[in-house]
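File shown here: target-v7.txt, holding compact mmCIF, C-alpha atoms and all ligand atoms.
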# COMPACT_ATOMS: atom_id res chain seq x y z
CA MET Z 1 33.89 4.86 5.81
CA VAL Z 2 30.79 3.98 3.83
CA LEU Z 3 31.05 1.12 1.37
CA ALA Z 4 29.11 1.64 -1.85
CA VAL Z 5 29.76 -1.86 -3.16
CA LYS Z 6 31.20 -4.96 -1.59
CA ALA Z 7 31.73 -8.30 -3.33
CA LYS Z 8 32.68 -11.41 -1.41
CA ASP Z 9 33.89 -14.39 -3.41
CA LEU Z 10 31.43 -13.53 -6.15
CA ARG Z 11 31.02 -16.02 -8.99
CA VAL Z 12 28.86 -15.41 -12.02
CA GLY Z 13 28.21 -17.89 -14.80
CA TYR Z 14 25.95 -18.33 -17.79
CA MET Z 15 23.97 -21.52 -18.28
CA ASP Z 16 23.58 -22.97 -21.78
CA GLU Z 17 20.73 -25.16 -23.12
CA GLU Z 18 22.43 -28.31 -21.80
CA GLU Z 19 22.60 -26.66 -18.36
CA ASN Z 20 26.39 -26.42 -18.49
CA ILE Z 21 27.61 -23.34 -16.67
CA LEU Z 22 30.32 -21.17 -18.19
CA TRP Z 23 31.81 -19.29 -15.25
CA ALA Z 24 32.71 -15.79 -16.44
CA VAL Z 25 33.55 -14.46 -12.96
CA LYS Z 26 35.39 -16.99 -10.83
CA GLY Z 27 35.36 -15.70 -7.27
CA VAL Z 28 36.15 -12.01 -6.92
CA SER Z 29 36.24 -9.97 -3.72
CA PHE Z 30 36.46 -6.19 -3.65
CA GLU Z 31 35.21 -3.11 -1.85
CA VAL Z 32 34.34 0.23 -3.39
CA ARG Z 33 34.20 3.16 -0.99
CA GLN Z 34 31.53 5.80 -1.41
CA GLY Z 35 32.90 8.58 -3.64
CA GLU Z 36 35.66 6.42 -5.03
CA VAL Z 37 36.56 5.99 -8.70
CA PHE Z 38 37.08 2.26 -9.06
CA CYS Z 39 38.31 0.77 -12.33
CA LEU Z 40 38.06 -2.71 -13.71
CA VAL Z 41 40.67 -3.29 -16.41
CA GLY Z 42 41.64 -6.31 -18.47
CA GLU Z 43 41.49 -7.80 -21.94
CA SER Z 44 38.24 -8.44 -23.75
CA GLY Z 45 36.32 -11.46 -22.45
CA CYS Z 46 37.88 -11.48 -18.96
CA GLY Z 47 34.54 -10.83 -17.25
CA LYS Z 48 34.53 -7.04 -16.69
CA SER Z 49 31.05 -6.43 -18.09
CA THR Z 50 29.70 -9.43 -16.21
CA ILE Z 51 30.92 -7.90 -12.93
CA GLY Z 52 29.45 -4.52 -13.94
CA ASN Z 53 26.12 -6.03 -14.96
CA THR Z 54 25.93 -7.91 -11.67
CA ILE Z 55 26.37 -4.64 -9.75
CA ILE Z 56 23.67 -2.92 -11.81
CA GLY Z 57 21.34 -5.90 -11.64
CA ILE Z 58 20.94 -6.56 -15.36
CA LEU Z 59 22.16 -10.14 -15.66
CA PRO Z 60 20.12 -12.29 -18.06
CA PRO Z 61 17.70 -14.84 -16.54
CA TYR Z 62 20.02 -17.75 -17.40
CA ALA Z 63 22.85 -16.26 -15.32
CA VAL Z 64 23.92 -18.14 -12.19
CA THR Z 65 25.53 -16.54 -9.14
CA GLU Z 66 27.43 -17.68 -6.06
CA GLY Z 67 28.95 -15.66 -3.23
CA GLU Z 68 27.73 -12.28 -2.04
CA LEU Z 69 27.31 -8.76 -3.34
CA TYR Z 70 26.20 -5.73 -1.32
CA VAL Z 71 25.18 -2.29 -2.51
CA PHE Z 72 25.26 0.22 0.38
CA ASN Z 73 25.04 -2.76 2.74
CA LYS Z 74 21.94 -4.19 1.10
CA PRO Z 75 22.57 -7.77 -0.01
CA VAL Z 76 21.64 -7.86 -3.70
CA VAL Z 77 23.28 -11.22 -4.43
CA VAL Z 78 23.34 -14.00 -1.87
CA GLY Z 79 24.22 -17.30 -3.50
CA ASN Z 80 21.90 -17.73 -6.43
CA LEU Z 81 19.29 -15.36 -4.96
CA ARG Z 82 19.22 -11.89 -6.46
CA ASP Z 83 17.10 -8.98 -5.29
CA TYR Z 84 17.67 -5.44 -6.57
CA THR Z 85 14.41 -3.97 -5.28
CA GLY Z 86 14.94 -0.28 -4.58
CA ILE Z 87 18.50 -0.47 -5.89
CA ARG Z 88 18.36 -0.95 -9.66
CA GLY Z 89 18.02 2.44 -11.34
CA ARG Z 90 17.47 4.30 -8.06
CA VAL Z 91 20.84 3.70 -6.43
CA VAL Z 92 22.88 2.12 -9.20
CA SER Z 93 22.65 3.21 -12.78
CA TYR Z 94 24.73 2.68 -15.87
CA VAL Z 95 26.22 4.49 -18.79
CA PRO Z 96 26.05 2.36 -21.91
CA GLN Z 97 29.06 1.77 -24.11
CA ASN Z 98 27.29 2.93 -27.23
CA PRO Z 99 24.54 5.46 -26.57
CA GLY Z 100 23.77 5.53 -30.31
CA THR Z 101 22.20 2.11 -29.98
CA SER Z 102 20.87 2.29 -26.42
CA LEU Z 103 18.92 5.53 -26.80
CA ASN Z 104 15.52 5.04 -28.41
CA PRO Z 105 15.75 6.57 -31.92
CA TYR Z 106 11.98 7.23 -32.08
CA GLN Z 107 11.68 9.31 -28.90
CA THR Z 108 13.00 12.72 -28.00
CA ILE Z 109 15.51 12.91 -25.15
CA GLY Z 110 12.83 14.60 -23.03
CA THR Z 111 10.36 11.76 -23.59
CA GLN Z 112 13.00 9.17 -22.69
CA LEU Z 113 13.80 11.02 -19.46
CA TYR Z 114 10.08 11.27 -18.74
CA TYR Z 115 9.56 7.50 -19.19
CA VAL Z 116 12.44 6.73 -16.83
CA LEU Z 117 11.26 9.14 -14.13
CA ASN Z 118 7.63 8.13 -14.53
CA SER Z 119 8.43 4.44 -14.19
CA VAL Z 120 10.74 4.92 -11.20
CA TYR Z 121 8.90 7.68 -9.28
CA GLY Z 122 5.50 7.90 -10.99
CA TRP Z 123 6.03 11.61 -11.76
CA ASP Z 124 3.86 13.34 -14.36
CA LYS Z 125 5.29 14.85 -17.54
CA LYS Z 126 5.62 18.39 -16.14
CA LYS Z 127 7.54 17.39 -13.04
CA SER Z 128 9.63 14.84 -14.97
CA LEU Z 129 10.66 17.40 -17.60
CA GLU Z 130 11.63 19.91 -14.91
CA VAL Z 131 13.93 17.37 -13.32
CA ALA Z 132 15.11 16.21 -16.77
CA LYS Z 133 16.26 19.74 -17.62
CA LYS Z 134 18.24 19.96 -14.42
CA TYR Z 135 20.14 16.81 -15.34
CA LEU Z 136 20.70 17.92 -18.93
CA SER Z 137 22.36 21.11 -17.66
CA LEU Z 138 24.37 19.06 -15.22
CA VAL Z 139 25.94 17.16 -18.14
CA GLU Z 140 26.55 20.48 -19.89
CA LEU Z 141 23.91 20.17 -22.58
CA ASP Z 142 21.52 23.03 -23.36
CA PRO Z 143 18.35 21.72 -21.70
CA GLU Z 144 15.86 23.89 -23.61
CA SER Z 145 16.90 22.59 -27.02
CA VAL Z 146 18.16 19.08 -26.24
CA ILE Z 147 14.94 18.10 -24.48
CA ASP Z 148 13.15 18.20 -27.86
CA TYR Z 149 15.91 16.55 -29.89
CA TYR Z 150 15.86 13.01 -31.21
CA PRO Z 151 19.09 11.05 -30.65
CA HIS Z 152 20.13 11.33 -34.33
CA GLU Z 153 20.14 15.12 -33.97
CA LEU Z 154 22.94 14.85 -31.39
CA SER Z 155 26.63 14.16 -31.97
CA GLY Z 156 28.20 11.03 -30.46
CA GLY Z 157 29.60 13.00 -27.53
CA MET Z 158 26.23 14.69 -26.89
CA GLN Z 159 24.42 11.34 -27.05
CA GLN Z 160 26.82 10.02 -24.43
CA ARG Z 161 26.04 13.04 -22.21
CA ALA Z 162 22.31 12.54 -22.70
CA ALA Z 163 22.74 8.89 -21.68
CA ILE Z 164 24.55 10.01 -18.53
CA ALA Z 165 21.75 12.50 -17.78
CA ILE Z 166 19.22 9.67 -18.08
CA ALA Z 167 21.33 7.42 -15.85
CA LEU Z 168 21.63 10.09 -13.14
CA SER Z 169 18.10 11.49 -13.37
CA THR Z 170 16.76 8.98 -10.86
CA GLY Z 171 19.20 10.28 -8.27
CA ALA Z 172 21.44 7.22 -8.56
CA LYS Z 173 24.58 7.48 -6.44
CA ILE Z 174 26.60 4.74 -8.08
CA LEU Z 175 27.34 4.94 -11.76
CA VAL Z 176 28.72 1.97 -13.64
CA ALA Z 177 30.24 3.08 -16.93
CA ASP Z 178 31.11 0.18 -19.23
CA GLU Z 179 33.77 1.33 -21.72
CA PRO Z 180 32.08 4.76 -21.90
CA THR Z 181 34.78 6.28 -24.07
CA SER Z 182 35.47 3.50 -26.54
CA ALA Z 183 33.15 4.94 -29.20
CA LEU Z 184 34.63 8.44 -28.87
CA ASP Z 185 37.72 10.07 -30.37
CA ALA Z 186 40.60 11.16 -28.14
CA HIS Z 187 39.35 14.72 -27.63
CA LEU Z 188 35.80 13.72 -26.71
CA ARG Z 189 37.18 10.95 -24.52
CA LEU Z 190 39.05 13.49 -22.43
CA GLN Z 191 35.96 15.72 -22.19
CA LEU Z 192 33.80 12.84 -21.06
CA ILE Z 193 36.30 11.80 -18.41
CA LYS Z 194 36.43 15.42 -17.17
CA LEU Z 195 32.64 15.49 -17.01
CA LEU Z 196 32.49 12.25 -15.03
CA MET Z 197 35.09 13.61 -12.60
CA LYS Z 198 33.09 16.81 -12.16
CA LEU Z 199 29.88 14.87 -11.54
CA ARG Z 200 31.66 12.73 -9.01
CA GLU Z 201 32.38 15.90 -7.01
CA THR Z 202 29.12 17.79 -7.46
CA GLU Z 203 26.78 14.79 -7.19
CA SER Z 204 28.92 12.80 -4.71
CA LEU Z 205 28.94 9.87 -7.08
CA THR Z 206 30.75 6.60 -6.77
CA LEU Z 207 32.11 5.69 -10.18
CA ILE Z 208 32.84 2.20 -11.39
CA LEU Z 209 34.65 2.43 -14.70
CA ILE Z 210 35.15 -0.53 -16.97
CA THR Z 211 37.87 -0.03 -19.50
CA HIS Z 212 40.84 -1.51 -21.27
CA ASP Z 213 42.51 1.87 -21.49
CA LEU Z 214 45.27 1.68 -18.90
CA VAL Z 215 46.44 5.26 -19.45
CA SER Z 216 43.20 7.02 -18.53
CA THR Z 217 42.72 4.49 -15.76
CA GLY Z 218 46.00 5.54 -14.22
CA LYS Z 219 45.06 9.20 -14.39
CA ILE Z 220 41.60 9.14 -12.89
CA CYS Z 221 41.11 6.10 -10.71
CA ASP Z 222 41.60 5.79 -6.99
CA THR Z 223 41.69 2.02 -7.17
CA VAL Z 224 42.26 -0.35 -10.06
CA ALA Z 225 41.29 -4.00 -10.10
CA VAL Z 226 43.06 -5.92 -12.85
CA VAL Z 227 40.87 -8.75 -14.10
CA TYR Z 228 42.23 -11.81 -15.84
CA SER Z 229 40.12 -14.79 -16.83
CA GLY Z 230 37.36 -14.02 -14.32
CA LYS Z 231 39.68 -13.32 -11.40
CA ILE Z 232 41.09 -10.16 -9.87
CA VAL Z 233 44.84 -10.67 -10.08
CA GLU Z 234 45.82 -7.29 -8.66
CA LYS Z 235 44.36 -4.35 -6.81
CA CYS Z 236 46.39 -1.18 -6.58
CA SER Z 237 46.11 2.59 -6.73
CA GLY Z 238 45.43 4.14 -10.14
CA SER Z 239 48.76 5.93 -10.15
CA ASN Z 240 50.69 2.71 -9.57
CA VAL Z 241 49.16 0.59 -12.28
CA ILE Z 242 51.52 1.80 -14.99
CA ILE Z 243 54.55 2.95 -13.03
CA GLU Z 244 54.72 0.09 -10.56
CA PRO Z 245 52.62 -2.86 -11.72
CA LEU Z 246 52.76 -5.81 -9.33
CA HIS Z 247 51.36 -8.80 -11.20
CA PRO Z 248 53.23 -10.13 -14.27
CA TYR Z 249 50.00 -9.69 -16.23
CA THR Z 250 49.67 -6.03 -15.21
CA GLN Z 251 53.33 -5.61 -16.13
CA MET Z 252 52.53 -6.91 -19.61
CA LEU Z 253 49.54 -4.58 -19.94
CA ALA Z 254 51.70 -1.65 -18.84
CA ASP Z 255 54.48 -2.56 -21.30
CA ALA Z 256 51.96 -2.45 -24.15
CA VAL Z 257 50.96 1.16 -23.41
CA PRO Z 258 52.62 4.11 -25.18
CA LEU Z 259 53.63 6.76 -22.65
CA LEU Z 260 54.03 10.37 -23.66
CA GLY Z 261 57.63 11.53 -23.58
CA ILE Z 262 59.10 8.15 -22.75
CA LYS Z 263 60.97 6.29 -25.46
CA ARG Z 264 60.88 2.55 -25.05
CA PRO Z 265 60.01 -0.43 -27.19
CA LEU Z 266 56.34 -1.32 -27.00
CA LYS Z 267 55.68 -4.96 -26.41
CA SER Z 268 52.59 -6.78 -27.47
CA ILE Z 269 51.12 -9.21 -24.98
CA PRO Z 270 52.23 -12.71 -25.99
CA GLY Z 271 49.89 -15.68 -25.88
CA GLU Z 272 46.15 -15.71 -25.49
CA PRO Z 273 43.83 -15.70 -22.49
CA PRO Z 274 42.17 -19.03 -21.65
CA LYS Z 275 39.18 -19.96 -23.79
CA PRO Z 276 35.79 -19.25 -22.24
CA GLY Z 277 34.87 -22.13 -19.98
CA GLU Z 278 38.45 -23.44 -19.80
CA GLU Z 279 39.15 -24.29 -16.16
CA ILE Z 280 42.73 -23.87 -14.97
CA ALA Z 281 43.62 -25.62 -11.72
CA GLY Z 282 46.45 -23.35 -10.58
CA CYS Z 283 47.15 -19.68 -11.25
CA VAL Z 284 44.98 -18.63 -14.22
CA PHE Z 285 47.84 -16.63 -15.70
CA ALA Z 286 50.54 -19.32 -15.32
CA PRO Z 287 50.17 -20.79 -18.85
CA ARG Z 288 51.09 -17.36 -20.26
CA CYS Z 289 53.41 -16.14 -17.55
CA PRO Z 290 57.14 -15.72 -18.28
CA LEU Z 291 57.88 -15.92 -14.55
CA ALA Z 292 55.85 -19.04 -13.68
CA PHE Z 293 57.52 -21.57 -11.38
CA GLU Z 294 56.59 -24.86 -9.63
CA LYS Z 295 54.32 -23.22 -7.06
CA CYS Z 296 52.01 -21.80 -9.76
CA VAL Z 297 50.18 -25.11 -10.23
CA GLU Z 298 48.30 -24.08 -7.07
CA PRO Z 299 45.92 -21.11 -7.19
CA PRO Z 300 47.61 -18.18 -5.42
CA PRO Z 301 45.79 -16.35 -2.62
CA SER Z 302 45.73 -12.56 -2.65
CA PHE Z 303 48.84 -11.26 -0.90
CA ASN Z 304 48.81 -7.85 0.78
CA VAL Z 305 51.93 -5.98 -0.15
CA TYR Z 306 52.93 -2.40 0.67
CA ASN Z 307 51.19 -0.83 -2.31
CA GLY Z 308 48.36 -3.17 -3.14
CA GLU Z 309 47.05 -6.71 -3.24
CA VAL Z 310 48.36 -9.24 -5.70
CA ALA Z 311 47.47 -12.85 -6.45
CA CYS Z 312 50.90 -14.11 -7.44
CA TRP Z 313 53.11 -16.65 -5.67
CA ARG Z 314 56.21 -14.51 -6.25
CA TYR Z 315 54.94 -12.21 -3.51
CA ALA Z 316 54.54 -14.95 -0.90
CA ASN Z 317 57.86 -14.09 0.77
CA ILE Z 318 57.43 -10.31 0.63
CA ALA Z 319 53.99 -10.67 2.19
CA GLY Z 320 55.52 -12.82 4.90
CA ARG Z 321 53.78 -16.08 4.15
N1 LIG M 1 24.90 -12.63 -21.79
C1 LIG M 1 25.84 -13.58 -21.90
N2 LIG M 1 25.50 -14.86 -22.17
C2 LIG M 1 26.42 -15.84 -22.26
N3 LIG M 1 27.73 -15.64 -22.10
C3 LIG M 1 28.15 -14.39 -21.85
C4 LIG M 1 27.22 -13.29 -21.73
N4 LIG M 1 27.92 -12.16 -21.47
C5 LIG M 1 29.21 -12.52 -21.43
N5 LIG M 1 29.36 -13.86 -21.64
C6 LIG M 1 30.64 -14.61 -21.63
O1 LIG M 1 31.29 -14.36 -20.40
C7 LIG M 1 32.67 -14.14 -20.59
C8 LIG M 1 33.05 -12.77 -20.05
O2 LIG M 1 32.46 -11.78 -20.86
P1 LIG M 1 32.33 -10.26 -20.46
O3 LIG M 1 31.89 -10.16 -19.05
O4 LIG M 1 31.51 -9.59 -21.49
O5 LIG M 1 33.87 -9.79 -20.55
P2 LIG M 1 34.51 -8.37 -20.88
O6 LIG M 1 33.51 -7.31 -20.56
O7 LIG M 1 35.73 -8.31 -20.01
O8 LIG M 1 34.88 -8.39 -22.32
C9 LIG M 1 32.93 -14.32 -22.08
O9 LIG M 1 33.39 -15.64 -22.27
C10 LIG M 1 31.58 -14.08 -22.70
O10 LIG M 1 31.45 -14.82 -23.88
MG MG M 2 32.70 -5.82 -21.79
Represent the structure from my file as structure tokens, please.
Amino acid sequence: MVLAVKAKDLRVGYMDEEENILWAVKGVSFEVRQGEVFCLVGESGCGKSTIGNTIIGILPPYAVTEGELYVFNKPVVVGNLRDYTGIRGRVVSYVPQNPGTSLNPYQTIGTQLYYVLNSVYGWDKKKSLEVAKKYLSLVELDPESVIDYYPHELSGGMQQRAAIAIALSTGAKILVADEPTSALDAHLRLQLIKLLMKLRETESLTLILITHDLVSTGKICDTVAVVYSGKIVEKCSGSNVIIEPLHPYTQMLADAVPLLGIKRPLKSIPGEPPKPGEEIAGCVFAPRCPLAFEKCVEPPPSFNVYNGEVACWRYANIAGR
């Protein structure tokens, strides 16, 4: 089994002018197998994008790291040292949330693909455009016309495909897609997911999807990591996340999702996540958890249970500890 990504007790923070560090990711460990679709889910502000940006290697200069991160066995983060040489762009690439703002409005799609390929491989325009066309067809755009289009001449869905073509054009094998469907309507969302699944097969991609959409997560992901306040509180299979959530937080997320054909009252998630920078000594979810008990003043370890891993003291007995 080849591991595409491995994080070991990874912490990521942002330093402000007074040199205080706000820890956005507070010690996460996970493994992503090559070819896997791995999802990070959780409410806004829980640290999903920070984890994604750390994998891609696009943290800002004032970011601080601890722990370890490997991409295909190459250490890219070791403590506060970060080195993405040969990895960023070439091995790991990303699909932006909003291609309308990340594509350059003044350049044609062809020119943008050329600049990427020229800067990564030094290819000339002719060779770059040949490769560019291959990737545009791969994302089901008509290469001959789209290559000369400016972003505003494309629909939102087409812009998203063009952004994926640019991300893949370097031959990257790991694609991090940060909320790739949030700017699209339901129909286009489904099409984009289908496209990503197809590319995963044909290009042997490893996909890391960041989303707060639990329903599509359940349908397409092999593994789901549920993130709460900078920690992974649960890891389980995609199919289990809605039908058999383990952690009380995942249970709340699942209860808030409308399921086709099933009549039940939808519940909103009570309470609020901790404020950024707020340090909680015990379980991060305890202040909001309806099932919290005395033990939860201590931070729970991750317990292995039959269908996943869960950081919740209620599983201590089941896991045999
Ligand atoms: N570039 C940044 N500089 C400073 N703080 C940031 C930056 N990016 C994210 N944060 C902070 O880190 C925390 C986690 O944010 P983020 O990773 O974007 O979460 P999510 O993607 O789950 O919404 C938030 O408190 C956010 O304000
Ligand atoms: Mg985000």
Practice task
Name all residues at most 12 Å from stretch 309-311 of chain Z (count only C-alpha atoms; drop same-chain ones fewer than 4 positions away) and give them as number ranges by chain.
Solution key: Z: 28-30, 223-228, 231-237, 240-241, 245-250, 282-286, 296, 298-305, 315-316, 318-319
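Take the candidates Z:Lys8, Z:Arg88, Z:Lys295, Z:Lys26 and check each one against ligand LIG 1 (chain M) using only C-alpha atoms and all ligand atoms; the shortest distance goes to Z:Lys26.
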May I have the protein, DNA and RNA residues with an atom at most 12 Å from (47.2, 7.6, -8.7), counting only C-alpha atoms in the file's coordinates, returned as a PDB file with C-alpha atoms, in the frame of the given file?
ATOM      1  CA  VAL Z  37      36.560   5.990  -8.700  1.00  0.00           C
ATOM      2  CA  PHE Z  38      37.080   2.260  -9.060  1.00  0.00           C
ATOM      3  CA  CYS Z  39      38.310   0.770 -12.330  1.00  0.00           C
ATOM      4  CA  LEU Z 214      45.270   1.680 -18.900  1.00  0.00           C
ATOM      5  CA  VAL Z 215      46.440   5.260 -19.450  1.00  0.00           C
ATOM      6  CA  SER Z 216      43.200   7.020 -18.530  1.00  0.00           C
ATOM      7  CA  THR Z 217      42.720   4.490 -15.760  1.00  0.00           C
ATOM      8  CA  GLY Z 218      46.000   5.540 -14.220  1.00  0.00           C
ATOM      9  CA  LYS Z 219      45.060   9.200 -14.390  1.00  0.00           C
ATOM     10  CA  ILE Z 220      41.600   9.140 -12.890  1.00  0.00           C
ATOM     11  CA  CYS Z 221      41.110   6.100 -10.710  1.00  0.00           C
ATOM     12  CA  ASP Z 222      41.600   5.790  -6.990  1.00  0.00           C
ATOM     13  CA  THR Z 223      41.690   2.020  -7.170  1.00  0.00           C
ATOM     14  CA  VAL Z 224      42.260  -0.350 -10.060  1.00  0.00           C
ATOM     15  CA  CYS Z 236      46.390  -1.180  -6.580  1.00  0.00           C
ATOM     16  CA  SER Z 237      46.110   2.590  -6.730  1.00  0.00           C
ATOM     17  CA  GLY Z 238      45.430   4.140 -10.140  1.00  0.00           C
ATOM     18  CA  SER Z 239      48.760   5.930 -10.150  1.00  0.00           C
ATOM     19  CA  ASN Z 240      50.690   2.710  -9.570  1.00  0.00           C
ATOM     20  CA  VAL Z 241      49.160   0.590 -12.280  1.00  0.00           C
ATOM     21  CA  ILE Z 242      51.520   1.800 -14.990  1.00  0.00           C
ATOM     22  CA  ILE Z 243      54.550   2.950 -13.030  1.00  0.00           C
ATOM     23  CA  GLU Z 244      54.720   0.090 -10.560  1.00  0.00           C
ATOM     24  CA  ASN Z 307      51.190  -0.830  -2.310  1.00  0.00           C
TER      25      ASN Z 307
END
Using all atoms listed in the file, find each residue in chain Z having at least one atom no more than 8 Å away from ligand MG 2 (chain M); report its shortest atom-to-atom pair and that distance in Å (one decimal), rows by chain then rising number, as a Markdown table.
| residue | atom | partner | partner_atom | distance |
| --- | --- | --- | --- | --- |
| Z:Ser44 | CA | M:MG2 | MG | 6.4 |
| Z:Gly45 | CA | M:MG2 | MG | 6.7 |
| Z:Gly47 | CA | M:MG2 | MG | 7.0 |
| Z:Lys48 | CA | M:MG2 | MG | 5.6 |
| Z:Ser49 | CA | M:MG2 | MG | 4.1 |
| Z:Thr50 | CA | M:MG2 | MG | 7.3 |
| Z:Asp178 | CA | M:MG2 | MG | 6.7 |
| Z:Glu179 | CA | M:MG2 | MG | 7.2 |
| Z:Ile210 | CA | M:MG2 | MG | 7.6 |
Emit the selected residues as a CSV table (one decimal), in the coordinates of the input, including C-alpha atoms.
chain,number,residue,atom,x,y,z
Z,44,SER,CA,38.2,-8.4,-23.8
Z,45,GLY,CA,36.3,-11.5,-22.4
Z,47,GLY,CA,34.5,-10.8,-17.2
Z,48,LYS,CA,34.5,-7.0,-16.7
Z,49,SER,CA,31.0,-6.4,-18.1
Z,50,THR,CA,29.7,-9.4,-16.2
Z,178,ASP,CA,31.1,0.2,-19.2
Z,179,GLU,CA,33.8,1.3,-21.7
Z,210,ILE,CA,35.2,-0.5,-17.0
Exercise for the section: Kindly compile the residues surrounding ligand LIG 1 (chain M) within 10 Å, counting all atoms listed in the file, and format them as a PyMOL selection string. Expected result: chain Z and resi 12-16+21-25+40-54+58-63+178-179+210-212+227-230+274-278
Completion exercise
In terms of only C-alpha atoms, the residue from Z:Pro258, Z:Pro143, Z:Pro105, Z:Gly67 at minimal distance from Z:Asn80 is Z:Gly67
At most 9 Å is the cut-off: for each residue in stretch 83-159 of chain Z with any atom that close to an atom of stretch 192-209 of chain Z, write down the nearest atom pair and the distance in Å rounded to one decimal, counting all atoms listed in the file, chain first then increasing number, as a Markdown table.
| residue | atom | partner | partner_atom | distance |
| --- | --- | --- | --- | --- |
| Z:Leu138 | CA | Z:Leu199 | CA | 7.8 |
| Z:Val139 | CA | Z:Leu195 | CA | 7.0 |
| Z:Glu140 | CA | Z:Leu195 | CA | 8.4 |
| Z:Gly157 | CA | Z:Leu192 | CA | 7.7 |
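One finds atom CA of Z:Arg161 at 8.9 Å from atom CA of Z:Pro99.
Of note, atom CA of Z:Glu18 and atom CA of Z:Glu68 are spaced 26.0 Å apart.
Across the model, the gap from atom CA of Z:Thr85 to atom CA of Z:Ala177 is 20.9 Å.
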